[in-house]
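Peer 1: Provided herewith is a single structure, encoded as structure tokens, for subsequent inquiry.
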Number of protein chains: 2
Amino acid sequence: MTDIPPIARGVFAAALTPLDVNLDPDHGALARHSRWLLDSGCDGLAVLGTTGEANSFGVNERIGLLDAIIDSGIPPATLLPGTGCSAIPDTVSLTRHAVEAGCAGVVMLPPFYYKGVSDDGLYAAYSEIIQRVGDERLRIYLYHFPKMSQTPLGLDLIERLINAYPDTIVGMKDSSGDLDNMVAAAKNFPGFAVFAGSDSLLLPVLEAGGAGCITACANIACHLARQVMDEFESGADVATHGALDAMRKAIEVFPLSAALKEIMADHTGDAAWRRVRPPLMPLSVNQVADLKARLAGAGATLPPLPVAA
Amino acid sequence: MTDIPPIARGVFAAALTPLDVNLDPDHGALARHSRWLLDSGCDGLAVLGTTGEANSFGVNERIGLLDAIIDSGIPPATLLPGTGCSAIPDTVSLTRHAVEAGCAGVVMLPPFYYKGVSDDGLYAAYSEIIQRVGDERLRIYLYHFPKMSQTPLGLDLIERLINAYPDTIVGMKDSSGDLDNMVAAAKNFPGFAVFAGSDSLLLPVLEAGGAGCITACANIACHLARQVMDEFESGADVATHGALDAMRKAIEVFPLSAALKEIMADHTGDAAWRRVRPPLMPLSVNQVADLKARLAGAGATLPPLPVAA
């Protein structure tokens with residue numbers, strides 16, 4: 001049983017994916033970013049999620065990217081890669097690779113092309129994936145992001161999946177923004193790890209018995225999320241919640257990946273950070289000015305960069 | 001210039017993909033279905049579209065499927081495979097393969113994971129794909145299906161793409177159900193081939209100068225669509241429009257792929273036709289009864305099957 005990953009808990013960044021001049025993933029830059037996040041407060045990294053533009057990369061690119069991060073020395077036990085594609089065989093390939101690489105688990109979108117599908121269909125999809133992967137080490141964190149996937153994972157479906165696969169369906173990233181849903185999942189399903197998809201909801205989700213957060217803004221604010229988590233766990237007054245919440249609210253009015261990459265470009269002095277793969281686009285000049293004003297208003301301060309590159 | 005495909009026109013079925021017992025594409029059954037459709041009135045086949053469950057198949061499955069159809073003797077010049085994925089490299093791989101196989105063109109969804117993207121982002125995506133494929137034989141039929149992709153392709157964007165790539169952006173499959181949009185595209189963009197995505201709109205789209213239809217129901221009603229097209233082109237009274245419209249309306253209240261597969265199972269006597277890949281599911285018993293009653297009410301008659309298998 002030693003090779004079964006423990007259930008994840010803590011602060012996870014939905015890591016950005018830096019791109020090279022050809023708009024391909026820049027493995028070196030991602031390794032540096034990943035190391036910086038782990039050194040700045042993250043317990044782990046949810047690479048290749050929505051923020052990481054995962055579904056803009058092909059299967060081979062995603063496998064190569066995960067291999068490169070691990071080869072750079074990032075411990076696979078800190079990684080929760082996104083593996084949910086619109087086609088089951090792609091999801092199976094990515095998931096099997098992540099399990100064999102020793103990842104802590106995977107964050108899995110449902111198949112997201114067909115809209116208006118039934119719970120029976122979604123159950124059948126997850127079931128087919130789990131059976132095809134066929135590995136007892138598999139730990140799936142369901143990815144509930146109705147705004148983007150247009151394919152919500154309701155509590156009835158989750159309960160059915162937990163009952164069928166209690167050792168495999170171990171948690172959820174809830175990016176619905178609906179705190180009531182997160183609280184209900186945390187309370188209804190004992191041992192099921194509920195991660196808030198928004199930094200603003202980290203504290204209330206912890207208070208409801210949740211496991212932490214997996215968020216876009218942790219790319220630049222993981223030090224604050226770390227403090228919120230540590231304050232909560234120590235039983236102290238959670239003084240940092242306001243600062244984290246302000247930073248999130250300054251950013252969430254913009255397209256998240258582009259805004260966070262703009263902030264990283266500014267913080268590192270490396271304009272290459274601005275690149276996003278179409279259909280995403282960098283922020284406009286006006287958006288950048290607005291973003292900077294909002295960040296200043298929120299009193300945002302990023303973690304220090306390493307002294308030597 | 002002899003290897004540049006002519007602009008498509010006519011009746012195209014968005015061909016169903018039969019599945020084997022493992023829910024993998026059944027190449028033999030698809031070849032037989034394709035041949036039957038071409039023998040029954042189709043000018044060509046838009047394989048691997050939404051009806052064909054394309055986005056439930058991985059890149060390699062889609063390449064293998066197209067190769068198998070062509071190897072079975074279906075002329076590539078009759079094929080308009082769907083190649084639009086959520087990741088640009090996947091779209092490029094599938095598109096390049098289709099061009100090199102001699103296909104008449106491709107039907108291309110925009111990247112469909114990220115929602116609320118800008119026209120600039122969609123333009124950049126199509127532009128990147130066209131440049132990466134880098135083949136003057138490429139003929140793209142844009143695939144406008146806002147209900148499913150949640151990523152509409154507006155007329156402004158289409159005009160911009162036509163102006164930038166006049167020899168490549170040659171048409172559109174419009175599955176919006178919005179006749180006004182199809183009429184506007186046909187009238188505004190001379191030489192741009194507008195295909196109705198619904199059989200009920202074939203006649204009005206032809207009357208507006210459109211190129212024909214690419215439809216799900218042509219899997220079972222291409223003989224009627226053929227008659228509508230032939231009657232229209234001969235200048236005769238289009239007497240068959242009502243029958244085609246009735247058949248479409250009997251079916252469109254159900255999930256299309258599952259309903260059409262149910263009809264094919266009934267027509268061929270082969271229950272394997274009922275298989276769909278999750279997240280789609282076969283029709284329920286009650287839905288099947290309802291479907292049969294509606295088809296009977298519509299007076300639906302399918303083309304005869306080949307005498308010998």
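Chain labels run A, B, ... following the order of the structure tokens; each chain numbers its residues from 1, and ligands are numbered from 1 in the order shown.
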Run DSSP on the backbone of this structure and report the residues of range 11-187 of chain B it assigns to strand (DSSP E or B), as a ChimeraX atom specification.

Peer 2: /B:11-13,19,25,44-45,79,82,106-108,140-144,169-174

Peer 1: Filtering to N, CA, C and O atoms, could you give me those residues as a PDB file, in the first residue's frame?

Peer 2:
ATOM      1  N   VAL B  11     -25.337  17.507 -51.267  1.00  0.00           N
ATOM      2  CA  VAL B  11     -25.891  16.869 -50.072  1.00  0.00           C
ATOM      3  C   VAL B  11     -24.800  16.031 -49.409  1.00  0.00           C
ATOM      4  O   VAL B  11     -24.284  15.089 -50.014  1.00  0.00           O
ATOM      5  N   PHE B  12     -24.460  16.399 -48.196  1.00  0.00           N
ATOM      6  CA  PHE B  12     -23.434  15.676 -47.434  1.00  0.00           C
ATOM      7  C   PHE B  12     -24.049  15.150 -46.135  1.00  0.00           C
ATOM      8  O   PHE B  12     -24.730  15.891 -45.428  1.00  0.00           O
ATOM      9  N   ALA B  13     -23.776  13.894 -45.852  1.00  0.00           N
ATOM     10  CA  ALA B  13     -24.191  13.344 -44.562  1.00  0.00           C
ATOM     11  C   ALA B  13     -23.080  13.581 -43.543  1.00  0.00           C
ATOM     12  O   ALA B  13     -21.908  13.355 -43.823  1.00  0.00           O
ATOM     13  N   LEU B  19     -19.745   1.640 -33.825  1.00  0.00           N
ATOM     14  CA  LEU B  19     -18.742   1.235 -32.832  1.00  0.00           C
ATOM     15  C   LEU B  19     -18.762  -0.274 -32.635  1.00  0.00           C
ATOM     16  O   LEU B  19     -19.810  -0.913 -32.772  1.00  0.00           O
ATOM     17  N   PRO B  25     -14.176   2.642 -32.946  1.00  0.00           N
ATOM     18  CA  PRO B  25     -14.786   2.746 -34.280  1.00  0.00           C
ATOM     19  C   PRO B  25     -14.701   1.411 -35.029  1.00  0.00           C
ATOM     20  O   PRO B  25     -13.663   0.749 -35.020  1.00  0.00           O
ATOM     21  N   GLY B  44     -21.399  13.540 -50.895  1.00  0.00           N
ATOM     22  CA  GLY B  44     -20.184  13.316 -50.119  1.00  0.00           C
ATOM     23  C   GLY B  44     -20.518  13.112 -48.667  1.00  0.00           C
ATOM     24  O   GLY B  44     -21.695  13.114 -48.261  1.00  0.00           O
ATOM     25  N   LEU B  45     -19.481  12.932 -47.880  1.00  0.00           N
ATOM     26  CA  LEU B  45     -19.639  12.571 -46.468  1.00  0.00           C
ATOM     27  C   LEU B  45     -18.777  13.478 -45.597  1.00  0.00           C
ATOM     28  O   LEU B  45     -17.567  13.580 -45.792  1.00  0.00           O
ATOM     29  N   LEU B  79     -14.970  13.380 -49.481  1.00  0.00           N
ATOM     30  CA  LEU B  79     -14.911  13.456 -48.013  1.00  0.00           C
ATOM     31  C   LEU B  79     -14.583  14.848 -47.494  1.00  0.00           C
ATOM     32  O   LEU B  79     -13.675  15.521 -47.994  1.00  0.00           O
ATOM     33  N   GLY B  82     -14.218  16.219 -40.327  1.00  0.00           N
ATOM     34  CA  GLY B  82     -14.068  17.217 -39.277  1.00  0.00           C
ATOM     35  C   GLY B  82     -12.683  17.107 -38.663  1.00  0.00           C
ATOM     36  O   GLY B  82     -12.211  15.998 -38.392  1.00  0.00           O
ATOM     37  N   VAL B 106     -11.922  20.213 -45.301  1.00  0.00           N
ATOM     38  CA  VAL B 106     -12.175  19.823 -43.910  1.00  0.00           C
ATOM     39  C   VAL B 106     -13.244  20.752 -43.332  1.00  0.00           C
ATOM     40  O   VAL B 106     -13.378  21.897 -43.764  1.00  0.00           O
ATOM     41  N   VAL B 107     -13.993  20.221 -42.381  1.00  0.00           N
ATOM     42  CA  VAL B 107     -14.967  21.020 -41.640  1.00  0.00           C
ATOM     43  C   VAL B 107     -14.326  21.288 -40.276  1.00  0.00           C
ATOM     44  O   VAL B 107     -13.993  20.351 -39.554  1.00  0.00           O
ATOM     45  N   MET B 108     -14.105  22.577 -39.972  1.00  0.00           N
ATOM     46  CA  MET B 108     -13.237  22.879 -38.828  1.00  0.00           C
ATOM     47  C   MET B 108     -13.929  23.702 -37.743  1.00  0.00           C
ATOM     48  O   MET B 108     -14.215  24.883 -37.924  1.00  0.00           O
ATOM     49  N   ILE B 140     -10.935  24.931 -46.170  1.00  0.00           N
ATOM     50  CA  ILE B 140     -11.593  24.882 -44.865  1.00  0.00           C
ATOM     51  C   ILE B 140     -13.050  25.318 -44.981  1.00  0.00           C
ATOM     52  O   ILE B 140     -13.335  26.400 -45.516  1.00  0.00           O
ATOM     53  N   TYR B 141     -13.939  24.480 -44.467  1.00  0.00           N
ATOM     54  CA  TYR B 141     -15.324  24.855 -44.254  1.00  0.00           C
ATOM     55  C   TYR B 141     -15.478  25.115 -42.759  1.00  0.00           C
ATOM     56  O   TYR B 141     -15.322  24.185 -41.946  1.00  0.00           O
ATOM     57  N   LEU B 142     -15.688  26.360 -42.414  1.00  0.00           N
ATOM     58  CA  LEU B 142     -15.829  26.722 -41.002  1.00  0.00           C
ATOM     59  C   LEU B 142     -17.050  26.026 -40.421  1.00  0.00           C
ATOM     60  O   LEU B 142     -18.065  25.857 -41.111  1.00  0.00           O
ATOM     61  N   TYR B 143     -16.946  25.659 -39.178  1.00  0.00           N
ATOM     62  CA  TYR B 143     -18.034  24.912 -38.536  1.00  0.00           C
ATOM     63  C   TYR B 143     -18.606  25.782 -37.415  1.00  0.00           C
ATOM     64  O   TYR B 143     -18.009  25.922 -36.356  1.00  0.00           O
ATOM     65  N   HIS B 144     -19.774  26.359 -37.714  1.00  0.00           N
ATOM     66  CA  HIS B 144     -20.445  27.287 -36.794  1.00  0.00           C
ATOM     67  C   HIS B 144     -21.551  26.522 -36.081  1.00  0.00           C
ATOM     68  O   HIS B 144     -22.594  26.226 -36.674  1.00  0.00           O
ATOM     69  N   ILE B 169     -10.306  29.617 -46.926  1.00  0.00           N
ATOM     70  CA  ILE B 169     -11.584  29.703 -46.205  1.00  0.00           C
ATOM     71  C   ILE B 169     -12.676  29.772 -47.258  1.00  0.00           C
ATOM     72  O   ILE B 169     -12.999  30.849 -47.778  1.00  0.00           O
ATOM     73  N   VAL B 170     -13.241  28.616 -47.600  1.00  0.00           N
ATOM     74  CA  VAL B 170     -14.104  28.550 -48.784  1.00  0.00           C
ATOM     75  C   VAL B 170     -15.566  28.288 -48.468  1.00  0.00           C
ATOM     76  O   VAL B 170     -16.403  28.289 -49.374  1.00  0.00           O
ATOM     77  N   GLY B 171     -15.891  28.037 -47.213  1.00  0.00           N
ATOM     78  CA  GLY B 171     -17.287  27.763 -46.920  1.00  0.00           C
ATOM     79  C   GLY B 171     -17.533  27.566 -45.445  1.00  0.00           C
ATOM     80  O   GLY B 171     -16.646  27.772 -44.610  1.00  0.00           O
ATOM     81  N   MET B 172     -18.770  27.201 -45.141  1.00  0.00           N
ATOM     82  CA  MET B 172     -19.183  27.072 -43.742  1.00  0.00           C
ATOM     83  C   MET B 172     -20.272  26.025 -43.636  1.00  0.00           C
ATOM     84  O   MET B 172     -21.178  25.966 -44.477  1.00  0.00           O
ATOM     85  N   LYS B 173     -20.184  25.216 -42.596  1.00  0.00           N
ATOM     86  CA  LYS B 173     -21.341  24.452 -42.155  1.00  0.00           C
ATOM     87  C   LYS B 173     -21.967  25.237 -41.029  1.00  0.00           C
ATOM     88  O   LYS B 173     -21.329  25.462 -40.000  1.00  0.00           O
ATOM     89  N   ASP B 174     -23.217  25.662 -41.223  1.00  0.00           N
ATOM     90  CA  ASP B 174     -23.892  26.490 -40.222  1.00  0.00           C
ATOM     91  C   ASP B 174     -24.931  25.642 -39.504  1.00  0.00           C
ATOM     92  O   ASP B 174     -25.998  25.354 -40.050  1.00  0.00           O
TER      93      ASP B 174
END

Peer 1: Kindly provide, as an MDAnalysis selection string, the residues of chain A having any atom no farther than 7 Å from an atom of chain B, counting only C-alpha atoms.

Peer 2: chainID A and resid 55:58 86:90 111 113:115 117 121:122 124:125 148:149 278:281

Peer 1: Please report the interatomic distance between CA of Ser175 in chain A and CA of Ile214 in chain A in Å with one decimal.

Peer 2: 8.9 Å

Peer 1: Could you tell me, as number ranges by chain, which residues of range 119-158 of chain A DSSP assigns to alpha helix (DSSP H) when given the backbone?

Peer 2: A: 119-133, 146-149, 155-158

Peer 1: Between CA of Ile220 in chain B and CA of Leu302 in chain B, what is the distance in Å, rounded to a tenth?

Peer 2: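 According to the coordinates, CA of Ile220 in chain B and CA of Leu302 in chain B are separated by 5.8 Å.
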
Peer 1: Name the residues in contact with Ala15 in chain A at a cut-off of 10 Å, using only C-alpha atoms, excluding same-chain residues fewer than 5 positions from it; report them as number ranges by chain.

Peer 2: A: 30, 33-34, 37, 44-53, 81, 214-220, 257

Peer 1: Might you pull out every residue within 10 Å of His267 in chain B, with only C-alpha atoms counted and same-chain residues fewer than 2 positions away left off, and present them as a list in words?

Peer 2: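 The contact residues come out as Ile220, Lys261, Glu262, Ile263, Met264, Ala265, Gly269, Asp270, Ala271, Trp273, Thr301, Leu302, Pro303, Pro304 and Leu305 of chain B.
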
Peer 1: For the residues in the current selection, export N, CA, C and O atoms as a PDB file, in the first residue's frame.

Peer 2:
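What follows is the written file out09.pdb:
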ATOM      1  N   ILE B 220     -30.048   9.055 -42.766  1.00  0.00           N
ATOM      2  CA  ILE B 220     -31.209   8.193 -43.042  1.00  0.00           C
ATOM      3  C   ILE B 220     -32.131   8.812 -44.089  1.00  0.00           C
ATOM      4  O   ILE B 220     -33.051   8.152 -44.552  1.00  0.00           O
ATOM      5  N   LYS B 261     -28.670   6.372 -34.689  1.00  0.00           N
ATOM      6  CA  LYS B 261     -28.130   5.011 -34.549  1.00  0.00           C
ATOM      7  C   LYS B 261     -29.252   4.016 -34.236  1.00  0.00           C
ATOM      8  O   LYS B 261     -29.244   2.879 -34.714  1.00  0.00           O
ATOM      9  N   GLU B 262     -30.215   4.441 -33.439  1.00  0.00           N
ATOM     10  CA  GLU B 262     -31.370   3.584 -33.157  1.00  0.00           C
ATOM     11  C   GLU B 262     -32.116   3.266 -34.455  1.00  0.00           C
ATOM     12  O   GLU B 262     -32.508   2.119 -34.702  1.00  0.00           O
ATOM     13  N   ILE B 263     -32.288   4.273 -35.280  1.00  0.00           N
ATOM     14  CA  ILE B 263     -32.991   4.060 -36.554  1.00  0.00           C
ATOM     15  C   ILE B 263     -32.194   3.111 -37.451  1.00  0.00           C
ATOM     16  O   ILE B 263     -32.760   2.223 -38.095  1.00  0.00           O
ATOM     17  N   MET B 264     -30.870   3.271 -37.457  1.00  0.00           N
ATOM     18  CA  MET B 264     -30.040   2.371 -38.269  1.00  0.00           C
ATOM     19  C   MET B 264     -30.084   0.947 -37.723  1.00  0.00           C
ATOM     20  O   MET B 264     -30.074  -0.027 -38.502  1.00  0.00           O
ATOM     21  N   ALA B 265     -30.123   0.802 -36.390  1.00  0.00           N
ATOM     22  CA  ALA B 265     -30.238  -0.541 -35.807  1.00  0.00           C
ATOM     23  C   ALA B 265     -31.525  -1.199 -36.278  1.00  0.00           C
ATOM     24  O   ALA B 265     -31.553  -2.377 -36.662  1.00  0.00           O
ATOM     25  N   GLY B 269     -31.302  -4.210 -38.768  1.00  0.00           N
ATOM     26  CA  GLY B 269     -31.437  -5.398 -37.928  1.00  0.00           C
ATOM     27  C   GLY B 269     -30.205  -5.690 -37.103  1.00  0.00           C
ATOM     28  O   GLY B 269     -30.095  -6.753 -36.491  1.00  0.00           O
ATOM     29  N   ASP B 270     -29.277  -4.740 -37.063  1.00  0.00           N
ATOM     30  CA  ASP B 270     -28.014  -4.952 -36.354  1.00  0.00           C
ATOM     31  C   ASP B 270     -27.984  -4.069 -35.101  1.00  0.00           C
ATOM     32  O   ASP B 270     -27.757  -2.865 -35.167  1.00  0.00           O
ATOM     33  N   ALA B 271     -28.185  -4.711 -33.938  1.00  0.00           N
ATOM     34  CA  ALA B 271     -28.265  -3.969 -32.680  1.00  0.00           C
ATOM     35  C   ALA B 271     -26.954  -3.266 -32.323  1.00  0.00           C
ATOM     36  O   ALA B 271     -26.952  -2.335 -31.506  1.00  0.00           O
ATOM     37  N   TRP B 273     -25.509  -1.191 -33.913  1.00  0.00           N
ATOM     38  CA  TRP B 273     -25.656   0.212 -34.307  1.00  0.00           C
ATOM     39  C   TRP B 273     -26.040   1.107 -33.124  1.00  0.00           C
ATOM     40  O   TRP B 273     -25.852   2.319 -33.169  1.00  0.00           O
ATOM     41  N   THR B 301     -39.601   6.934 -44.680  1.00  0.00           N
ATOM     42  CA  THR B 301     -39.136   5.708 -45.335  1.00  0.00           C
ATOM     43  C   THR B 301     -37.652   5.867 -45.646  1.00  0.00           C
ATOM     44  O   THR B 301     -37.240   6.871 -46.209  1.00  0.00           O
ATOM     45  N   LEU B 302     -36.861   4.867 -45.232  1.00  0.00           N
ATOM     46  CA  LEU B 302     -35.414   4.958 -45.462  1.00  0.00           C
ATOM     47  C   LEU B 302     -35.057   4.378 -46.821  1.00  0.00           C
ATOM     48  O   LEU B 302     -35.815   3.571 -47.376  1.00  0.00           O
ATOM     49  N   PRO B 303     -33.892   4.752 -47.346  1.00  0.00           N
ATOM     50  CA  PRO B 303     -33.444   4.143 -48.605  1.00  0.00           C
ATOM     51  C   PRO B 303     -33.259   2.635 -48.407  1.00  0.00           C
ATOM     52  O   PRO B 303     -32.934   2.193 -47.312  1.00  0.00           O
ATOM     53  N   PRO B 304     -33.478   1.843 -49.463  1.00  0.00           N
ATOM     54  CA  PRO B 304     -33.295   0.400 -49.323  1.00  0.00           C
ATOM     55  C   PRO B 304     -31.835   0.046 -49.037  1.00  0.00           C
ATOM     56  O   PRO B 304     -30.917   0.719 -49.506  1.00  0.00           O
ATOM     57  N   LEU B 305     -31.656  -1.021 -48.267  1.00  0.00           N
ATOM     58  CA  LEU B 305     -30.307  -1.515 -48.006  1.00  0.00           C
ATOM     59  C   LEU B 305     -29.824  -2.301 -49.217  1.00  0.00           C
ATOM     60  O   LEU B 305     -30.629  -2.767 -50.025  1.00  0.00           O
TER      61      LEU B 305
END

Peer 1: Which polymer residues have any atom within 8 Å of an atom of Ala31 in chain A, counting only C-alpha atoms, with same-chain residues fewer than 4 positions away left out, as an mmCIF file with N, CA, C and O atoms, in the first residue's frame?

Peer 2:
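Writing done, so here's part16.cif:
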data_model
loop_
_atom_site.group_PDB
_atom_site.id
_atom_site.type_symbol
_atom_site.label_atom_id
_atom_site.label_comp_id
_atom_site.auth_asym_id
_atom_site.auth_seq_id
_atom_site.Cartn_x
_atom_site.Cartn_y
_atom_site.Cartn_z
ATOM 1 N N HIS A 27 9.695 24.354 -21.393
ATOM 2 C CA HIS A 27 9.901 23.446 -20.270
ATOM 3 C C HIS A 27 10.797 24.040 -19.189
ATOM 4 O O HIS A 27 10.536 23.873 -17.997
ATOM 5 N N ARG A 35 9.335 25.476 -9.369
ATOM 6 C CA ARG A 35 10.215 25.484 -8.199
ATOM 7 C C ARG A 35 9.925 26.715 -7.335
ATOM 8 O O ARG A 35 9.852 26.638 -6.102
ATOM 9 N N ALA A 68 8.990 16.704 -18.351
ATOM 10 C CA ALA A 68 10.034 17.723 -18.198
ATOM 11 C C ALA A 68 10.028 18.311 -16.790
ATOM 12 O O ALA A 68 11.084 18.555 -16.198
ATOM 13 N N ILE A 69 8.857 18.541 -16.232
ATOM 14 C CA ILE A 69 8.796 19.086 -14.871
ATOM 15 C C ILE A 69 9.414 18.108 -13.886
ATOM 16 O O ILE A 69 10.213 18.482 -13.021
ATOM 17 N N SER A 72 13.061 17.847 -14.084
ATOM 18 C CA SER A 72 13.765 19.022 -13.542
ATOM 19 C C SER A 72 13.940 18.919 -12.033
ATOM 20 O O SER A 72 14.609 19.762 -11.430
ATOM 21 N N ILE A 74 11.199 18.461 -9.764
ATOM 22 C CA ILE A 74 9.963 18.668 -9.001
ATOM 23 C C ILE A 74 9.435 17.285 -8.590
ATOM 24 O O ILE A 74 9.236 16.423 -9.454
#

Peer 1: Have a look at CA of Val253 in chain B and CA of Leu295 in chain B and let me know their distance in Å, one decimal.

Peer 2: 11.6 Å

Peer 1: Please provide as an mmCIF file with N, CA, C and O atoms, in the first residue's frame all residues within 10 Å of Pro6 in chain B, with the sequence filter that same-chain residues fewer than 2 positions apart are discarded (counting only C-alpha atoms).

Peer 2:
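selection13.cif, freshly written:
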data_model
loop_
_atom_site.group_PDB
_atom_site.id
_atom_site.type_symbol
_atom_site.label_atom_id
_atom_site.label_comp_id
_atom_site.auth_asym_id
_atom_site.auth_seq_id
_atom_site.Cartn_x
_atom_site.Cartn_y
_atom_site.Cartn_z
ATOM 1 N N THR B 2 -4.410 21.388 -60.743
ATOM 2 C CA THR B 2 -5.350 20.266 -60.821
ATOM 3 C C THR B 2 -5.555 19.593 -59.468
ATOM 4 O O THR B 2 -6.538 18.891 -59.284
ATOM 5 N N ASP B 3 -4.633 19.812 -58.536
ATOM 6 C CA ASP B 3 -4.797 19.134 -57.252
ATOM 7 C C ASP B 3 -5.526 20.014 -56.238
ATOM 8 O O ASP B 3 -5.636 19.657 -55.079
ATOM 9 N N ILE B 4 -6.024 21.172 -56.655
ATOM 10 C CA ILE B 4 -6.815 22.002 -55.751
ATOM 11 C C ILE B 4 -8.263 21.527 -55.817
ATOM 12 O O ILE B 4 -8.891 21.574 -56.875
ATOM 13 N N ALA B 8 -16.981 22.616 -52.689
ATOM 14 C CA ALA B 8 -18.016 21.580 -52.542
ATOM 15 C C ALA B 8 -19.411 22.163 -52.720
ATOM 16 O O ALA B 8 -19.657 23.342 -52.441
ATOM 17 N N ARG B 9 -20.312 21.306 -53.183
ATOM 18 C CA ARG B 9 -21.725 21.660 -53.333
ATOM 19 C C ARG B 9 -22.528 20.372 -53.271
ATOM 20 O O ARG B 9 -22.088 19.343 -53.761
ATOM 21 N N ALA B 77 -12.105 12.454 -52.586
ATOM 22 C CA ALA B 77 -12.682 13.696 -53.111
ATOM 23 C C ALA B 77 -14.128 13.882 -52.683
ATOM 24 O O ALA B 77 -14.706 14.953 -52.881
ATOM 25 N N ALA B 104 -11.694 16.427 -50.050
ATOM 26 C CA ALA B 104 -12.240 17.613 -50.704
ATOM 27 C C ALA B 104 -12.017 18.866 -49.865
ATOM 28 O O ALA B 104 -11.934 19.981 -50.401
ATOM 29 N N GLY B 105 -11.938 18.698 -48.574
ATOM 30 C CA GLY B 105 -11.744 19.814 -47.653
ATOM 31 C C GLY B 105 -11.916 19.297 -46.250
ATOM 32 O O GLY B 105 -12.039 18.079 -46.040
ATOM 33 N N ARG B 137 -3.419 23.281 -51.003
ATOM 34 C CA ARG B 137 -4.595 22.449 -51.307
ATOM 35 C C ARG B 137 -5.660 22.513 -50.217
ATOM 36 O O ARG B 137 -6.773 22.012 -50.403
ATOM 37 N N ARG B 139 -8.665 23.309 -48.032
ATOM 38 C CA ARG B 139 -9.973 23.983 -48.175
ATOM 39 C C ARG B 139 -10.702 23.817 -46.842
ATOM 40 O O ARG B 139 -11.043 22.687 -46.462
ATOM 41 N N VAL B 170 -13.241 28.616 -47.600
ATOM 42 C CA VAL B 170 -14.104 28.550 -48.784
ATOM 43 C C VAL B 170 -15.566 28.288 -48.468
ATOM 44 O O VAL B 170 -16.403 28.289 -49.374
#

Peer 1: Can you tell me which residues surround Gly297 in chain A at a distance of at most 10 Å, considering only C-alpha atoms, apart from same-chain residues fewer than 4 positions away, and format the answer as a PyMOL selection string?

Peer 2: chain A and resi 246-247+250+291-293

Peer 1: Give me a file of those residues, with C-alpha atoms, as an mmCIF file, in the first residue's frame.

Peer 2:
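Ended up saving to part-v4.cif:
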data_model
loop_
_atom_site.group_PDB
_atom_site.id
_atom_site.type_symbol
_atom_site.label_atom_id
_atom_site.label_comp_id
_atom_site.auth_asym_id
_atom_site.auth_seq_id
_atom_site.Cartn_x
_atom_site.Cartn_y
_atom_site.Cartn_z
ATOM 1 C CA ALA A 246 -8.410 41.514 -2.403
ATOM 2 C CA MET A 247 -5.739 40.143 -4.726
ATOM 3 C CA ALA A 250 -8.351 42.561 -8.479
ATOM 4 C CA LEU A 291 -4.964 45.521 -13.927
ATOM 5 C CA LYS A 292 -2.000 47.384 -12.461
ATOM 6 C CA ALA A 293 -4.244 49.974 -10.872
#
